[in-house]
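Enquirer: Next comes run14.pdb, PDB, C-alpha atoms:
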MODEL        1
ATOM      1  CA  MET A  15      12.913 -14.897 -59.811
ATOM      2  CA  VAL A  16       9.475 -16.306 -58.840
ATOM      3  CA  ARG A  17      11.113 -18.814 -56.506
ATOM      4  CA  THR A  18      13.087 -16.027 -54.847
ATOM      5  CA  ARG A  19       9.920 -13.974 -54.285
ATOM      6  CA  VAL A  20       8.159 -16.985 -52.796
ATOM      7  CA  GLN A  21      11.087 -17.569 -50.429
ATOM      8  CA  ILE A  22      11.015 -13.913 -49.373
ATOM      9  CA  ILE A  23       7.268 -14.058 -48.741
ATOM     10  CA  LEU A  24       7.590 -17.287 -46.744
ATOM     11  CA  ALA A  25      10.463 -15.881 -44.722
ATOM     12  CA  SER A  26       8.447 -12.734 -43.998
ATOM     13  CA  LEU A  27       5.452 -14.808 -42.913
ATOM     14  CA  ALA A  28       7.684 -16.895 -40.627
ATOM     15  CA  ILE A  29       9.032 -13.737 -38.992
ATOM     16  CA  LEU A  30       5.525 -12.332 -38.517
ATOM     17  CA  LEU A  31       4.264 -15.601 -37.056
ATOM     18  CA  ALA A  32       7.242 -15.802 -34.677
ATOM     19  CA  ALA A  33       6.628 -12.216 -33.558
ATOM     20  CA  ALA A  34       2.925 -12.931 -33.032
ATOM     21  CA  ALA A  35       3.716 -16.084 -31.045
ATOM     22  CA  ALA A  36       6.219 -14.205 -28.884
ATOM     23  CA  GLU A  37       3.646 -11.483 -28.257
ATOM     24  CA  ALA A  38       1.002 -14.047 -27.347
ATOM     25  CA  MET A  39       3.345 -15.791 -24.923
ATOM     26  CA  THR A  40       4.404 -12.584 -23.178
ATOM     27  CA  PRO A  41       3.174 -12.796 -19.562
ATOM     28  CA  ARG A  42       0.694 -10.032 -18.788
ATOM     29  CA  THR A  43      -1.093 -10.953 -15.563
ATOM     30  CA  LEU A  44       0.438  -9.796 -12.295
ATOM     31  CA  MET A  45       0.154 -12.416  -9.571
ATOM     32  CA  ALA A  46       0.252  -9.701  -6.934
ATOM     33  CA  GLN A  47      -3.010  -8.465  -5.579
ATOM     34  CA  SER A  48      -3.388  -4.725  -5.184
ATOM     35  CA  SER A  49      -0.407  -3.563  -3.112
ATOM     36  CA  ALA A  50      -2.356  -0.577  -1.818
ATOM     37  CA  SER A  51      -3.530  -2.571   1.220
ATOM     38  CA  LEU A  52      -0.154  -4.212   1.877
ATOM     39  CA  ASP A  53       1.724  -2.590   4.742
ATOM     40  CA  LEU A  54       4.905  -4.327   5.860
ATOM     41  CA  GLU A  55       4.984  -2.234   9.027
ATOM     42  CA  THR A  56       1.815  -3.909  10.268
ATOM     43  CA  LEU A  57       2.271  -7.237   8.461
ATOM     44  CA  ILE A  58       5.505  -8.082  10.306
ATOM     45  CA  PRO A  59       4.812  -8.345  14.053
ATOM     46  CA  LYS A  60       6.892  -6.310  16.468
ATOM     47  CA  GLN A  61       6.714  -8.999  19.151
ATOM     48  CA  PHE A  62       6.450 -12.788  18.898
ATOM     49  CA  GLY A  63       7.780 -15.730  20.880
ATOM     50  CA  GLN A  64      10.737 -14.495  22.898
ATOM     51  CA  TRP A  65      11.494 -11.645  20.462
ATOM     52  CA  LYS A  66      10.771  -7.921  20.798
ATOM     53  CA  ALA A  67      11.493  -5.146  18.327
ATOM     54  CA  VAL A  68      14.203  -2.692  19.382
ATOM     55  CA  PRO A  69      14.879   0.758  17.914
ATOM     56  CA  ASP A  70      18.028   2.207  16.342
ATOM     57  CA  VAL A  71      19.491  -1.000  14.920
ATOM     58  CA  LYS A  72      21.494  -0.164  11.793
ATOM     59  CA  LEU A  73      21.057  -2.637   8.940
ATOM     60  CA  VAL A  74      23.043  -2.940   5.736
ATOM     61  CA  GLU A  75      20.821  -1.737   2.887
ATOM     62  CA  PRO A  76      21.328  -1.163  -0.854
ATOM     63  CA  PRO A  77      23.221   2.076  -1.607
ATOM     64  CA  GLY A  78      20.992   5.029  -2.384
ATOM     65  CA  ASP A  79      22.109   5.221  -6.021
ATOM     66  CA  THR A  80      20.826   1.706  -6.896
ATOM     67  CA  LEU A  81      17.528   0.731  -8.495
ATOM     68  CA  SER A  82      16.177  -0.447  -5.142
ATOM     69  CA  LYS A  83      13.375   2.120  -5.201
ATOM     70  CA  GLU A  84      12.167   0.654  -8.487
ATOM     71  CA  ILE A  85      12.823  -2.933  -7.484
ATOM     72  CA  TYR A  86      10.982  -2.716  -4.188
ATOM     73  CA  ASN A  87       7.470  -1.416  -3.691
ATOM     74  CA  GLN A  88       7.929  -1.671   0.059
ATOM     75  CA  GLU A  89      10.796  -2.383   2.423
ATOM     76  CA  ILE A  90      11.093  -2.743   6.175
ATOM     77  CA  ALA A  91      14.225  -2.978   8.328
ATOM     78  CA  ARG A  92      13.816  -3.845  11.984
ATOM     79  CA  GLY A  93      15.921  -5.119  14.882
ATOM     80  CA  PHE A  94      14.776  -7.681  17.447
ATOM     81  CA  VAL A  95      16.200  -8.876  20.762
ATOM     82  CA  ASP A  96      15.504 -12.124  22.641
ATOM     83  CA  GLU A  97      15.479 -12.860  26.373
ATOM     84  CA  GLU A  98      19.216 -13.579  26.335
ATOM     85  CA  GLY A  99      20.074 -10.261  24.694
ATOM     86  CA  HIS A 100      20.826 -11.634  21.213
ATOM     87  CA  VAL A 101      20.059  -9.045  18.543
ATOM     88  CA  VAL A 102      18.761 -10.141  15.144
ATOM     89  CA  MET A 103      18.315  -7.825  12.188
ATOM     90  CA  LEU A 104      15.418  -8.447   9.807
ATOM     91  CA  LEU A 105      14.960  -6.923   6.371
ATOM     92  CA  VAL A 106      11.898  -7.683   4.244
ATOM     93  CA  ALA A 107      11.579  -6.162   0.777
ATOM     94  CA  TYR A 108       8.622  -6.597  -1.546
ATOM     95  CA  GLY A 109       8.367  -6.174  -5.301
ATOM     96  CA  VAL A 110       5.104  -6.436  -7.235
ATOM     97  CA  SER A 111       6.841  -7.538 -10.435
ATOM     98  CA  GLN A 112       9.810  -9.858 -10.869
ATOM     99  CA  SER A 113      10.281  -8.910 -14.530
ATOM    100  CA  ASP A 114      13.698  -8.749 -16.206
ATOM    101  CA  ARG A 115      14.236  -5.154 -15.067
ATOM    102  CA  LEU A 116      12.704  -5.413 -11.644
ATOM    103  CA  GLN A 117      14.425  -8.299  -9.861
ATOM    104  CA  LEU A 118      15.205  -8.757  -6.217
ATOM    105  CA  HIS A 119      18.723  -7.817  -5.167
ATOM    106  CA  ARG A 120      20.685 -10.692  -3.705
ATOM    107  CA  PRO A 121      22.284  -9.875  -0.312
ATOM    108  CA  GLU A 122      25.725 -10.906  -1.567
ATOM    109  CA  ILE A 123      25.528  -8.056  -4.090
ATOM    110  CA  CYS A 124      24.162  -5.612  -1.520
ATOM    111  CA  TYR A 125      26.911  -6.374   1.018
ATOM    112  CA  ARG A 126      29.693  -6.136  -1.562
ATOM    113  CA  ALA A 127      28.303  -2.760  -2.644
ATOM    114  CA  ASN A 128      28.698  -1.651   0.987
ATOM    115  CA  GLY A 129      32.353  -2.677   1.131
ATOM    116  CA  PHE A 130      32.024  -6.113   2.742
ATOM    117  CA  ARG A 131      33.993  -9.221   1.876
ATOM    118  CA  VAL A 132      31.432 -11.924   1.193
ATOM    119  CA  SER A 133      31.946 -15.681   1.504
ATOM    120  CA  PRO A 134      30.569 -18.170  -1.028
ATOM    121  CA  THR A 135      26.918 -18.950  -0.361
ATOM    122  CA  PHE A 136      25.734 -22.287   0.967
ATOM    123  CA  GLY A 137      22.334 -23.851   1.563
ATOM    124  CA  ALA A 138      20.402 -24.911   4.632
ATOM    125  CA  ALA A 139      16.848 -25.994   5.455
ATOM    126  CA  LEU A 140      14.665 -25.266   8.466
ATOM    127  CA  SER A 141      11.511 -27.068   9.603
ATOM    128  CA  PHE A 142       8.985 -24.834  11.329
ATOM    129  CA  GLU A 143       5.572 -26.474  10.928
ATOM    130  CA  ALA A 144       4.462 -30.101  11.035
ATOM    131  CA  GLY A 145       3.279 -31.361   7.665
ATOM    132  CA  ARG A 146       4.859 -28.483   5.764
ATOM    133  CA  PRO A 147       8.106 -28.799   3.786
ATOM    134  CA  PRO A 148      11.142 -27.180   5.425
ATOM    135  CA  ILE A 149      11.963 -23.743   4.113
ATOM    136  CA  ARG A 150      15.155 -23.701   2.049
ATOM    137  CA  LEU A 151      17.656 -21.020   3.047
ATOM    138  CA  THR A 152      20.747 -19.423   1.556
ATOM    139  CA  ARG A 153      23.594 -18.443   3.847
ATOM    140  CA  LEU A 154      26.778 -16.402   3.655
ATOM    141  CA  VAL A 155      29.176 -14.570   5.930
ATOM    142  CA  ALA A 156      29.959 -10.892   5.329
ATOM    143  CA  GLN A 157      32.906  -9.145   6.955
ATOM    144  CA  ARG A 158      34.169  -5.566   6.979
ATOM    145  CA  GLU A 159      36.922  -4.481   9.349
ATOM    146  CA  GLY A 160      35.833  -5.760  12.787
ATOM    147  CA  ARG A 161      32.227  -6.487  11.783
ATOM    148  CA  LEU A 162      31.416 -10.164  11.225
ATOM    149  CA  GLU A 163      27.865 -10.665   9.966
ATOM    150  CA  PRO A 164      26.436 -14.123   9.253
ATOM    151  CA  VAL A 165      23.470 -13.722   6.895
ATOM    152  CA  THR A 166      20.524 -16.000   6.105
ATOM    153  CA  TYR A 167      17.989 -15.222   3.400
ATOM    154  CA  TRP A 168      15.419 -16.595   0.995
ATOM    155  CA  MET A 169      13.520 -15.192  -1.966
ATOM    156  CA  ARG A 170       9.842 -15.870  -2.493
ATOM    157  CA  ILE A 171       8.965 -15.820  -6.175
ATOM    158  CA  GLY A 172       5.208 -16.205  -6.675
ATOM    159  CA  ASN A 173       4.292 -19.282  -4.643
ATOM    160  CA  ASP A 174       7.839 -20.688  -4.590
ATOM    161  CA  VAL A 175      11.067 -20.134  -2.698
ATOM    162  CA  ALA A 176      14.237 -19.585  -4.719
ATOM    163  CA  THR A 177      17.721 -19.971  -3.284
ATOM    164  CA  GLY A 178      19.742 -18.675  -6.231
ATOM    165  CA  VAL A 179      19.798 -16.965  -9.616
ATOM    166  CA  LEU A 180      19.169 -20.124 -11.673
ATOM    167  CA  GLU A 181      16.121 -21.086  -9.618
ATOM    168  CA  ARG A 182      14.761 -17.562  -9.797
ATOM    169  CA  GLN A 183      15.125 -17.438 -13.572
ATOM    170  CA  THR A 184      13.587 -20.903 -13.969
ATOM    171  CA  LEU A 185      10.611 -19.878 -11.861
ATOM    172  CA  LYS A 186      10.157 -16.714 -13.901
ATOM    173  CA  VAL A 187      10.024 -18.795 -17.081
ATOM    174  CA  LYS A 188       7.575 -21.311 -15.602
ATOM    175  CA  TYR A 189       5.226 -18.595 -14.408
ATOM    176  CA  GLY A 190       5.662 -16.758 -17.689
ATOM    177  CA  LEU A 191       4.529 -19.808 -19.654
ATOM    178  CA  ARG A 192       1.328 -19.600 -17.625
ATOM    179  CA  GLY A 193       0.942 -15.946 -18.599
ATOM    180  CA  LEU A 194       1.845 -14.781 -15.085
ATOM    181  CA  ILE A 195       4.300 -12.178 -13.780
ATOM    182  CA  PRO A 196       5.196 -13.289 -10.238
ATOM    183  CA  ASP A 197       5.641 -10.896  -7.366
ATOM    184  CA  GLY A 198       8.475 -11.458  -4.927
ATOM    185  CA  ALA A 199       9.673 -10.938  -1.381
ATOM    186  CA  LEU A 200      13.220 -10.983  -0.091
ATOM    187  CA  VAL A 201      13.567 -11.991   3.570
ATOM    188  CA  ARG A 202      17.006 -11.429   5.111
ATOM    189  CA  ILE A 203      18.107 -12.195   8.676
ATOM    190  CA  SER A 204      21.530 -11.392  10.133
ATOM    191  CA  THR A 205      23.430 -11.047  13.389
ATOM    192  CA  VAL A 206      26.488  -9.054  14.461
ATOM    193  CA  GLY A 207      28.839  -9.752  17.347
ATOM    194  CA  LEU A 208      28.267 -13.510  17.440
ATOM    195  CA  PRO A 209      30.525 -16.279  16.096
ATOM    196  CA  GLU A 210      29.330 -17.775  12.818
ATOM    197  CA  LYS A 211      27.943 -21.027  14.248
ATOM    198  CA  LEU A 212      26.107 -19.339  17.129
ATOM    199  CA  GLY A 213      24.896 -16.575  14.845
ATOM    200  CA  PHE A 214      23.212 -19.025  12.486
ATOM    201  CA  ALA A 215      21.710 -20.931  15.433
ATOM    202  CA  VAL A 216      20.184 -17.725  16.799
ATOM    203  CA  GLN A 217      18.882 -16.861  13.326
ATOM    204  CA  ASP A 218      17.264 -20.301  13.025
ATOM    205  CA  SER A 219      15.512 -19.743  16.336
ATOM    206  CA  PHE A 220      14.299 -16.349  15.146
ATOM    207  CA  ILE A 221      13.026 -17.686  11.794
ATOM    208  CA  HIS A 222      11.265 -20.598  13.480
ATOM    209  CA  ASP A 223       9.529 -18.312  15.991
ATOM    210  CA  LEU A 224       8.545 -15.783  13.328
ATOM    211  CA  LEU A 225       7.088 -18.269  10.852
ATOM    212  CA  SER A 226       5.349 -20.233  13.611
ATOM    213  CA  SER A 227       3.648 -17.137  15.034
ATOM    214  CA  VAL A 228       2.223 -15.293  12.003
ATOM    215  CA  ASP A 229      -1.228 -15.908  10.513
ATOM    216  CA  GLN A 230      -1.679 -17.880   7.292
ATOM    217  CA  PRO A 231      -1.828 -14.884   4.890
ATOM    218  CA  THR A 232       1.417 -13.507   6.325
ATOM    219  CA  LEU A 233       3.056 -16.927   6.181
ATOM    220  CA  THR A 234       2.046 -17.242   2.525
ATOM    221  CA  PHE A 235       3.420 -13.764   1.839
ATOM    222  CA  LEU A 236       6.765 -14.699   3.396
ATOM    223  CA  THR A 237       7.187 -18.265   2.148
ATOM    224  CA  GLY A 238       4.713 -18.869  -0.686
ATOM    225  CA  ASP A 239       2.173 -21.660  -0.969
ATOM    226  CA  PRO A 240       3.637 -25.169  -1.480
ATOM    227  CA  ALA A 241       0.279 -26.421  -2.784
ATOM    228  CA  LYS A 242       0.382 -23.876  -5.629
ATOM    229  CA  ALA A 243       4.141 -23.848  -6.268
ATOM    230  CA  VAL A 244       5.314 -24.514  -9.819
ATOM    231  CA  GLY A 245       8.736 -25.814  -8.725
ATOM    232  CA  ALA A 246      12.127 -24.679  -9.968
ATOM    233  CA  SER A 247      13.273 -28.047 -11.336
ATOM    234  CA  LEU A 248      13.524 -28.289 -15.104
TER     235      LEU A 248
ENDMDL
END
Kindly present the structure from the file in structure tokens form.
Expert:
Amino acid sequence: MVRTRVQIILASLAILLAAAAAEAMTPRTLMAQSSASLDLETLIPKQFGQWKAVPDVKLVEPPGDTLSKEIYNQEIARGFVDEEGHVVMLLVAYGVSQSDRLQLHRPEICYRANGFRVSPTFGAALSFEAGRPPIRLTRLVAQREGRLEPVTYWMRIGNDVATGVLERQTLKVKYGLRGLIPDGALVRISTVGLPEKLGFAVQDSFIHDLLSSVDQPTLTFLTGDPAKAVGASL
């Protein structure tokens, strides 16, 4: 009887200690600075390089009945045209917290929700600044009826770039072990009316010009800070 009581007490203590440890390890500090001063409308330039913003360009966005309003604190959708008449669609969405409930939507989910057939994703990399690592991209092709839309995107999680679900989850854990809740930005670029190969080439030109033209704070917002990145490798 005494032995049984001791085992119960020890088991109870183990449970309490585990709960206390889990509570202590729960990330509590938001990496995001106050979002009150963040304005995507002014952060993203309307003209850079050979690109100018154009009105009335319809982008694919998450359906209105999704959690996008909770997931994103801010979102901007804007069309751009270059000197040759190529139109590129840019969507940038920002979320203060990348917690379990508030995670960035992947474009492949968004496009499927809008009735598109979506190809498997594949990776790419783009150099845009000497001495800085190339930015890693995720690509797919979405199609609905006569609309063919090559899509390029990346997700900034804290100071890192994630190209998929596993990387995003790994980054969340790594930041969490430091007591941090990372913020995140989804940057999506797409074209319509161009063949796949040409569409991605035009998108690369757009991304290069955009990232090469913005100031350092905006670049960090869009792509993170390699010097402070925790890395997604296990």
Enquirer: The PyMOL selection byres ((chain A and resi 171) around 9) - which residues does that actually catch in the file I just gave you? List them as a ChimeraX atom specification.
Expert: /A:112,169-170,172-176,182,185-186,196-200,237-238
Enquirer: For Ala67 (chain A), please output as JSON, numbers by chain all residues within 10 Å (counting only C-alpha atoms; exclusion window: fewer than 6 positions along the same chain).
Expert: {"A": [59, 60, 61, 92, 93, 94, 95, 96, 101, 102, 103, 104]}
Enquirer: Kindly resolve the PyMOL selection byres ((chain A and resi 145-147) around 12) on the present coordinates and return the residues as a list of chain:residue names.
Expert: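 Answer for the PyMOL selection byres ((chain A and resi 145-147) around 12): A:Ala139, A:Leu140, A:Ser141, A:Phe142, A:Glu143, A:Ala144, A:Pro148, A:Ile149, A:Arg150, A:Asp174, A:Val175, A:Leu225, A:Ser226, A:Leu233, A:Thr237, A:Gly238, A:Asp239, A:Pro240, A:Ala241, A:Ala243.
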Enquirer: For region 156-161 of chain A, work out the shell of residues within 12 Å, counting all atoms listed in the file and skipping chain neighbours fewer than 4 positions away, then give it as a list of chain:residue names.
Expert: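 Contacts, in chain order: A:Val74, A:Pro121, A:Glu122, A:Ile123, A:Cys124, A:Tyr125, A:Arg126, A:Ala127, A:Asn128, A:Gly129, A:Phe130, A:Arg131, A:Val132, A:Ser133, A:Pro134, A:Thr135, A:Val165, A:Thr166, A:Ser204, A:Thr205, A:Val206, A:Gly207, A:Leu208, A:Pro209, A:Glu210.
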Enquirer: Given only C-alpha atoms as the basis, pick out the residue of A:Ile203, A:Val244, A:Val187, A:Val110 nearest to Leu154 (chain A).
Expert: A:Ile203
Enquirer: For a quick check of understanding, using all atoms listed in the file, which of A:Gly190, A:Gln230, A:Arg153, A:Val179 has the smallest distance to Ala215 (chain A)?
Expert: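 The closest residue to Ala215 (chain A) is A:Arg153.
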Enquirer: How many Å lie between CA of Trp168 (chain A) and CA of Gly63 (chain A), rounded to one decimal?
Expert: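 Those two atoms sit 21.3 Å apart.
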Enquirer: Please enumerate the residues selected by the PyMOL selection byres ((chain A and resi 152) around 6) when evaluated against the supplied file, formatted as a PyMOL selection string.
Expert: chain A and resi 136-137+151+153+166-167+177
Enquirer: Quick one: of A:Lys242, A:Gln183, A:Leu236, A:Ala138, who's nearest to Phe214 (chain A), counting all atoms listed in the file?
Expert: A:Ala138
